[in-house]
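Undergrad: One structure, pasted below without further comment.
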Amino acid sequence: MNVKTAYDQWSSQYDTQPNKTRDLEAAALRETLAGMHFTHCLEAGCGTGKNTEWLLDVATKITALDFSAGMLAKARARIPSPRVAFVEADLLGEWQFAVGSYDLIVFSLVLEHVKDLDALFRKASGVCKPGGYVGELHPFKQYGGSKARFQTGEGTQVVTCYTHHVSDFAQAATRNGFSLVSISEYFDDQDRATIPRILILLLAK
Ligand SMILES: C[S@@+](CC[C@H](N)C(=O)[O-])C[C@H]1O[C@@H](n2cnc3c(N)ncnc32)[C@H](O)[C@@H]1O
C-alpha cells in the first residue's frame, strides 16, 4: 500500500496496537542519544510523536515533520509544546521547510519507506551539522519477510518498503558527507542469539 495512505489509515491504531519494532526503536533512540544536547533537531517522519516527546529532553527545539496528516494530528494532540514545530511535508520533495540548520536529524523507522537513500542523505547533509541518527528495522528481519503492516477490516495491509542492506545505509551516509560514529543492533528480549530487530547508526559531519 502507498506509504502516505497507509499511515493515514494506521494512525488511529499505531500507538495502541502491540508493535515490537516501534517499542524497541524507542528504547534504542533513548539509549543512543541520552546525555547529549542539541539546539535544533529535525525529526524526519515523526509519526504520532513517540520519540518527539522524549527528544524535547535533549533538544531546545524540534521541527517534527511527516507527510501523513493522520499521524501528525496524533502527534500534535500529544505534544502541545511551543518548542515543537510540526510540519506536513514529503521528505522526497524539496526541503522548503528547512530554514537554517539542524544539529541533529533523526530518522526513526522511516528509511525503509524511502527507495533512494542517497537523495535523502544529500538533502540531510545540506542542512545538518554535526549529527544524525538512523534507527531502522534491521535488514536481517527484512530478509526473513518482516515489513511494516497493520490490520483493518479488509485484512492485513502491508506498507510499501524497500530493503536496504547495512552497507547501503552506511555508504549512502558517508557518500554524502557524514561519517559513521557508531553502529548498534537491538534484539528482542536482549537475546543476542536471535536475529537483531533494530539497526542504529549514529552519524557525524
Ligand atoms: C513507522 S512510522 C515511524 C514514526 C516515528 N518516527 C516512530 O518511530 O514512531 C514512519 C513514519 O514516516 C512517515 N513517512 C514515511 N515516508 C515519508 C516521507 N516521504 N515524507 C514524510 N514522512 C514520511 C510516515 O508517514 C510515518 O509516520
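Ordering of the C-alpha cells sets the chain letters (A, B, ...); residue numbers start at 1 within each chain; ligands are numbered from 1 in the order shown.
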Please report as a Markdown table every residue of chain A lying within 7 Å of ligand 1, along with the nearest atom pair and their distance in Å (one decimal), using only C-alpha atoms and all ligand atoms.
TA:
```
| residue | atom | partner | partner_atom_place_in_ligand_line | distance |
| --- | --- | --- | --- | --- |
| A:Val3 | CA | ligand 1 | 15 (C) | 6.2 |
| A:Lys4 | CA | ligand 1 | 25 (O) | 5.5 |
| A:Tyr7 | CA | ligand 1 | 25 (O) | 5.1 |
| A:Arg22 | CA | ligand 1 | 9 (O) | 5.7 |
| A:Glu25 | CA | ligand 1 | 8 (O) | 6.7 |
| A:Ala26 | CA | ligand 1 | 8 (O) | 6.7 |
| A:Ala44 | CA | ligand 1 | 22 (N) | 6.5 |
| A:Gly45 | CA | ligand 1 | 12 (O) | 3.8 |
| A:Cys46 | CA | ligand 1 | 6 (N) | 4.2 |
| A:Gly47 | CA | ligand 1 | 27 (O) | 3.3 |
| A:Thr48 | CA | ligand 1 | 9 (O) | 6.3 |
| A:Gly49 | CA | ligand 1 | 5 (C) | 6.4 |
| A:Lys50 | CA | ligand 1 | 9 (O) | 4.9 |
| A:Asn51 | CA | ligand 1 | 7 (C) | 6.3 |
| A:Leu65 | CA | ligand 1 | 21 (C) | 6.4 |
| A:Asp66 | CA | ligand 1 | 22 (N) | 3.8 |
| A:Phe67 | CA | ligand 1 | 21 (C) | 4.1 |
| A:Ser68 | CA | ligand 1 | 25 (O) | 4.4 |
| A:Met71 | CA | ligand 1 | 27 (O) | 5.5 |
| A:Ala89 | CA | ligand 1 | 21 (C) | 5.8 |
| A:Asp90 | CA | ligand 1 | 20 (N) | 3.6 |
| A:Leu91 | CA | ligand 1 | 20 (N) | 3.9 |
| A:Leu92 | CA | ligand 1 | 19 (N) | 5.0 |
| A:Phe107 | CA | ligand 1 | 6 (N) | 6.6 |
| A:Ser108 | CA | ligand 1 | 6 (N) | 4.3 |
| A:Leu109 | CA | ligand 1 | 1 (C) | 4.8 |
| A:Val110 | CA | ligand 1 | 12 (O) | 4.6 |
| A:His113 | CA | ligand 1 | 16 (N) | 5.4 |
| A:Val114 | CA | ligand 1 | 16 (N) | 6.4 |
```
Undergrad: Extract, using only C-alpha atoms, all DNA, RNA and protein residues at most 12 Å from A:Gln142, discarding same-chain residues fewer than 6 positions from it, and format them as a PyMOL selection string.
TA: chain A and resi 21+112+136+148+161-166+195-199
Undergrad: Once you have the residues from the selection above, write them out as a PDB file, in the first residue's frame, restricted to N, CA, C and O atoms.
TA:
```
ATOM      1  N   THR A  21       8.708  -3.514  17.021  1.00  0.00           N
ATOM      2  CA  THR A  21       9.684  -2.674  16.306  1.00  0.00           C
ATOM      3  C   THR A  21       9.597  -1.238  16.803  1.00  0.00           C
ATOM      4  O   THR A  21      10.613  -0.605  17.119  1.00  0.00           O
ATOM      5  N   GLU A 112      13.082   2.725   5.623  1.00  0.00           N
ATOM      6  CA  GLU A 112      12.601   1.526   4.920  1.00  0.00           C
ATOM      7  C   GLU A 112      11.528   1.897   3.886  1.00  0.00           C
ATOM      8  O   GLU A 112      11.225   1.110   3.004  1.00  0.00           O
ATOM      9  N   GLU A 136      16.460   1.911  12.349  1.00  0.00           N
ATOM     10  CA  GLU A 136      15.666   1.219  11.326  1.00  0.00           C
ATOM     11  C   GLU A 136      15.364  -0.221  11.716  1.00  0.00           C
ATOM     12  O   GLU A 136      16.131  -0.835  12.464  1.00  0.00           O
ATOM     13  N   ALA A 148       6.530  -3.428   7.543  1.00  0.00           N
ATOM     14  CA  ALA A 148       5.540  -2.645   8.275  1.00  0.00           C
ATOM     15  C   ALA A 148       4.155  -3.084   7.794  1.00  0.00           C
ATOM     16  O   ALA A 148       3.881  -3.059   6.592  1.00  0.00           O
ATOM     17  N   CYS A 161       7.709  -0.985   1.208  1.00  0.00           N
ATOM     18  CA  CYS A 161       9.013  -0.949   1.901  1.00  0.00           C
ATOM     19  C   CYS A 161      10.117  -1.326   0.910  1.00  0.00           C
ATOM     20  O   CYS A 161       9.864  -2.049  -0.056  1.00  0.00           O
ATOM     21  N   TYR A 162      11.302  -0.867   1.193  1.00  0.00           N
ATOM     22  CA  TYR A 162      12.480  -1.222   0.401  1.00  0.00           C
ATOM     23  C   TYR A 162      13.504  -1.829   1.351  1.00  0.00           C
ATOM     24  O   TYR A 162      13.642  -1.368   2.478  1.00  0.00           O
ATOM     25  N   THR A 163      14.196  -2.860   0.872  1.00  0.00           N
ATOM     26  CA  THR A 163      15.242  -3.462   1.709  1.00  0.00           C
ATOM     27  C   THR A 163      16.564  -2.765   1.415  1.00  0.00           C
ATOM     28  O   THR A 163      17.039  -2.776   0.272  1.00  0.00           O
ATOM     29  N   HIS A 164      17.122  -2.129   2.441  1.00  0.00           N
ATOM     30  CA  HIS A 164      18.461  -1.546   2.335  1.00  0.00           C
ATOM     31  C   HIS A 164      19.378  -2.366   3.224  1.00  0.00           C
ATOM     32  O   HIS A 164      19.054  -2.610   4.389  1.00  0.00           O
ATOM     33  N   HIS A 165      20.506  -2.774   2.688  1.00  0.00           N
ATOM     34  CA  HIS A 165      21.459  -3.549   3.472  1.00  0.00           C
ATOM     35  C   HIS A 165      22.211  -2.605   4.423  1.00  0.00           C
ATOM     36  O   HIS A 165      22.193  -1.378   4.230  1.00  0.00           O
ATOM     37  N   VAL A 166      22.890  -3.181   5.406  1.00  0.00           N
ATOM     38  CA  VAL A 166      23.625  -2.345   6.365  1.00  0.00           C
ATOM     39  C   VAL A 166      24.606  -1.451   5.626  1.00  0.00           C
ATOM     40  O   VAL A 166      24.728  -0.251   5.889  1.00  0.00           O
ATOM     41  N   ILE A 195      17.825 -13.014  15.737  1.00  0.00           N
ATOM     42  CA  ILE A 195      18.082 -12.042  14.657  1.00  0.00           C
ATOM     43  C   ILE A 195      17.821 -10.643  15.209  1.00  0.00           C
ATOM     44  O   ILE A 195      16.782 -10.423  15.846  1.00  0.00           O
ATOM     45  N   PRO A 196      18.749  -9.707  15.025  1.00  0.00           N
ATOM     46  CA  PRO A 196      18.515  -8.360  15.560  1.00  0.00           C
ATOM     47  C   PRO A 196      17.302  -7.705  14.909  1.00  0.00           C
ATOM     48  O   PRO A 196      17.063  -7.874  13.717  1.00  0.00           O
ATOM     49  N   ARG A 197      16.549  -6.945  15.709  1.00  0.00           N
ATOM     50  CA  ARG A 197      15.341  -6.290  15.189  1.00  0.00           C
ATOM     51  C   ARG A 197      15.626  -4.873  14.703  1.00  0.00           C
ATOM     52  O   ARG A 197      15.058  -4.411  13.723  1.00  0.00           O
ATOM     53  N   ILE A 198      16.508  -4.178  15.431  1.00  0.00           N
ATOM     54  CA  ILE A 198      16.707  -2.754  15.141  1.00  0.00           C
ATOM     55  C   ILE A 198      18.186  -2.477  14.860  1.00  0.00           C
ATOM     56  O   ILE A 198      19.074  -2.960  15.583  1.00  0.00           O
ATOM     57  N   LEU A 199      18.421  -1.692  13.823  1.00  0.00           N
ATOM     58  CA  LEU A 199      19.773  -1.246  13.466  1.00  0.00           C
ATOM     59  C   LEU A 199      19.864   0.252  13.762  1.00  0.00           C
ATOM     60  O   LEU A 199      18.984   1.014  13.353  1.00  0.00           O
TER      61      LEU A 199
END
```
Undergrad: May I ask for the distance between atom CA of A:Phe86 and atom CA of A:Leu72, given in Å to one decimal place?
TA: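 Answer for the atom CA of A:Phe86 to atom CA of A:Leu72 separation: 7.5 Å.
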Undergrad: List every residue of stretch 48-183 of chain A that DSSP, applied to the backbone, labels as strand (DSSP E), and write the result as JSON, numbers by chain.
TA: {"A": [59, 60, 61, 62, 63, 64, 65, 66, 84, 85, 86, 87, 88, 102, 103, 104, 105, 106, 107, 108, 128, 129, 130, 131, 132, 133, 134, 135, 136, 137, 149, 150, 151, 152, 155, 156, 157, 158, 179, 180, 181, 182, 183]}
Undergrad: Taking into account only C-alpha atoms, which residue in the set A:Asn2, A:Thr39, A:Ser101, A:Phe140 is nearest to A:Glu185?
TA: A:Phe140
Undergrad: Out of stretch 106-163 of chain A, which residues get alpha helix (DSSP H) from DSSP, as a list in words?
TA: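 Across stretch 106-163 of chain A, those assigned alpha helix (DSSP H) are Leu117, Asp118, Ala119, Leu120, Phe121, Arg122, Lys123, Ala124, Ser125, Gly126, Val127, Pro139, Phe140, Lys141, Gln142 and Tyr143 of chain A.
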Undergrad: May I ask for the distance between atom CA of A:Leu111 and atom CA of A:Gly135, given in Å to one decimal place?
TA: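 One can read the atom CA of A:Leu111 to atom CA of A:Gly135 distance as 8.6 Å.
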Undergrad: To one decimal in Å, tell me the separation between atom CA of A:Glu94 and atom CA of A:Ala124.
TA: 11.3 Å
Undergrad: Name all residues at most 6 Å from stretch 79-83 of chain A (count only C-alpha atoms; drop same-chain ones fewer than 2 positions away) and give them as a PyMOL selection string.
TA: chain A and resi 61+76-77
Undergrad: Residues of stretch 14-106 of chain A that have any atom at most 12 Å from an atom of stretch 174-184 of chain A: could you tabulate them with the shortest-distance atom pair and the distance in Å to one decimal, using only C-alpha atoms, ordered by chain and increasing number, as CSV?
TA:
```
residue,atom,partner,partner_atom,distance
A:Glu25,CA,A:Ser184,CA,11.4
A:Ala28,CA,A:Ser184,CA,8.9
A:Leu29,CA,A:Ser184,CA,10.8
A:Glu31,CA,A:Ser184,CA,10.8
A:Thr32,CA,A:Ser184,CA,9.0
A:Leu33,CA,A:Ser182,CA,11.7
A:Leu104,CA,A:Phe178,CA,12.0
A:Ile105,CA,A:Phe178,CA,11.6
```
Undergrad: Write the residues you've just listed into a file as a PDB file, in the first residue's frame, and include N, CA and C atoms for each of them.
TA:
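Saved to selection12.pdb:
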```
ATOM      1  N   GLU A  25      12.735   0.379  18.978  1.00  0.00           N
ATOM      2  CA  GLU A  25      13.425   1.560  18.423  1.00  0.00           C
ATOM      3  C   GLU A  25      13.339   2.729  19.403  1.00  0.00           C
ATOM      4  N   ALA A  28      15.971   2.186  21.881  1.00  0.00           N
ATOM      5  CA  ALA A  28      17.298   2.367  21.279  1.00  0.00           C
ATOM      6  C   ALA A  28      17.633   3.843  21.110  1.00  0.00           C
ATOM      7  N   LEU A  29      16.657   4.620  20.665  1.00  0.00           N
ATOM      8  CA  LEU A  29      16.894   6.064  20.480  1.00  0.00           C
ATOM      9  C   LEU A  29      17.242   6.713  21.822  1.00  0.00           C
ATOM     10  N   GLU A  31      18.494   5.349  24.500  1.00  0.00           N
ATOM     11  CA  GLU A  31      19.820   4.931  24.974  1.00  0.00           C
ATOM     12  C   GLU A  31      20.930   5.605  24.160  1.00  0.00           C
ATOM     13  N   THR A  32      20.732   5.720  22.862  1.00  0.00           N
ATOM     14  CA  THR A  32      21.785   6.253  21.984  1.00  0.00           C
ATOM     15  C   THR A  32      22.020   7.743  22.209  1.00  0.00           C
ATOM     16  N   LEU A  33      20.938   8.505  22.425  1.00  0.00           N
ATOM     17  CA  LEU A  33      21.079   9.964  22.492  1.00  0.00           C
ATOM     18  C   LEU A  33      21.080  10.504  23.923  1.00  0.00           C
ATOM     19  N   LEU A 104      20.904  18.067  14.754  1.00  0.00           N
ATOM     20  CA  LEU A 104      20.573  16.634  14.798  1.00  0.00           C
ATOM     21  C   LEU A 104      19.440  16.381  13.812  1.00  0.00           C
ATOM     22  N   ILE A 105      19.615  15.358  12.990  1.00  0.00           N
ATOM     23  CA  ILE A 105      18.491  14.869  12.184  1.00  0.00           C
ATOM     24  C   ILE A 105      18.204  13.438  12.606  1.00  0.00           C
TER      25      ILE A 105
END
```
Undergrad: I'd like to know which of A:Asp116, A:Asp23, A:Asp8, A:Asp15 is closest to A:Phe187, using only C-alpha atoms.
TA: A:Asp23
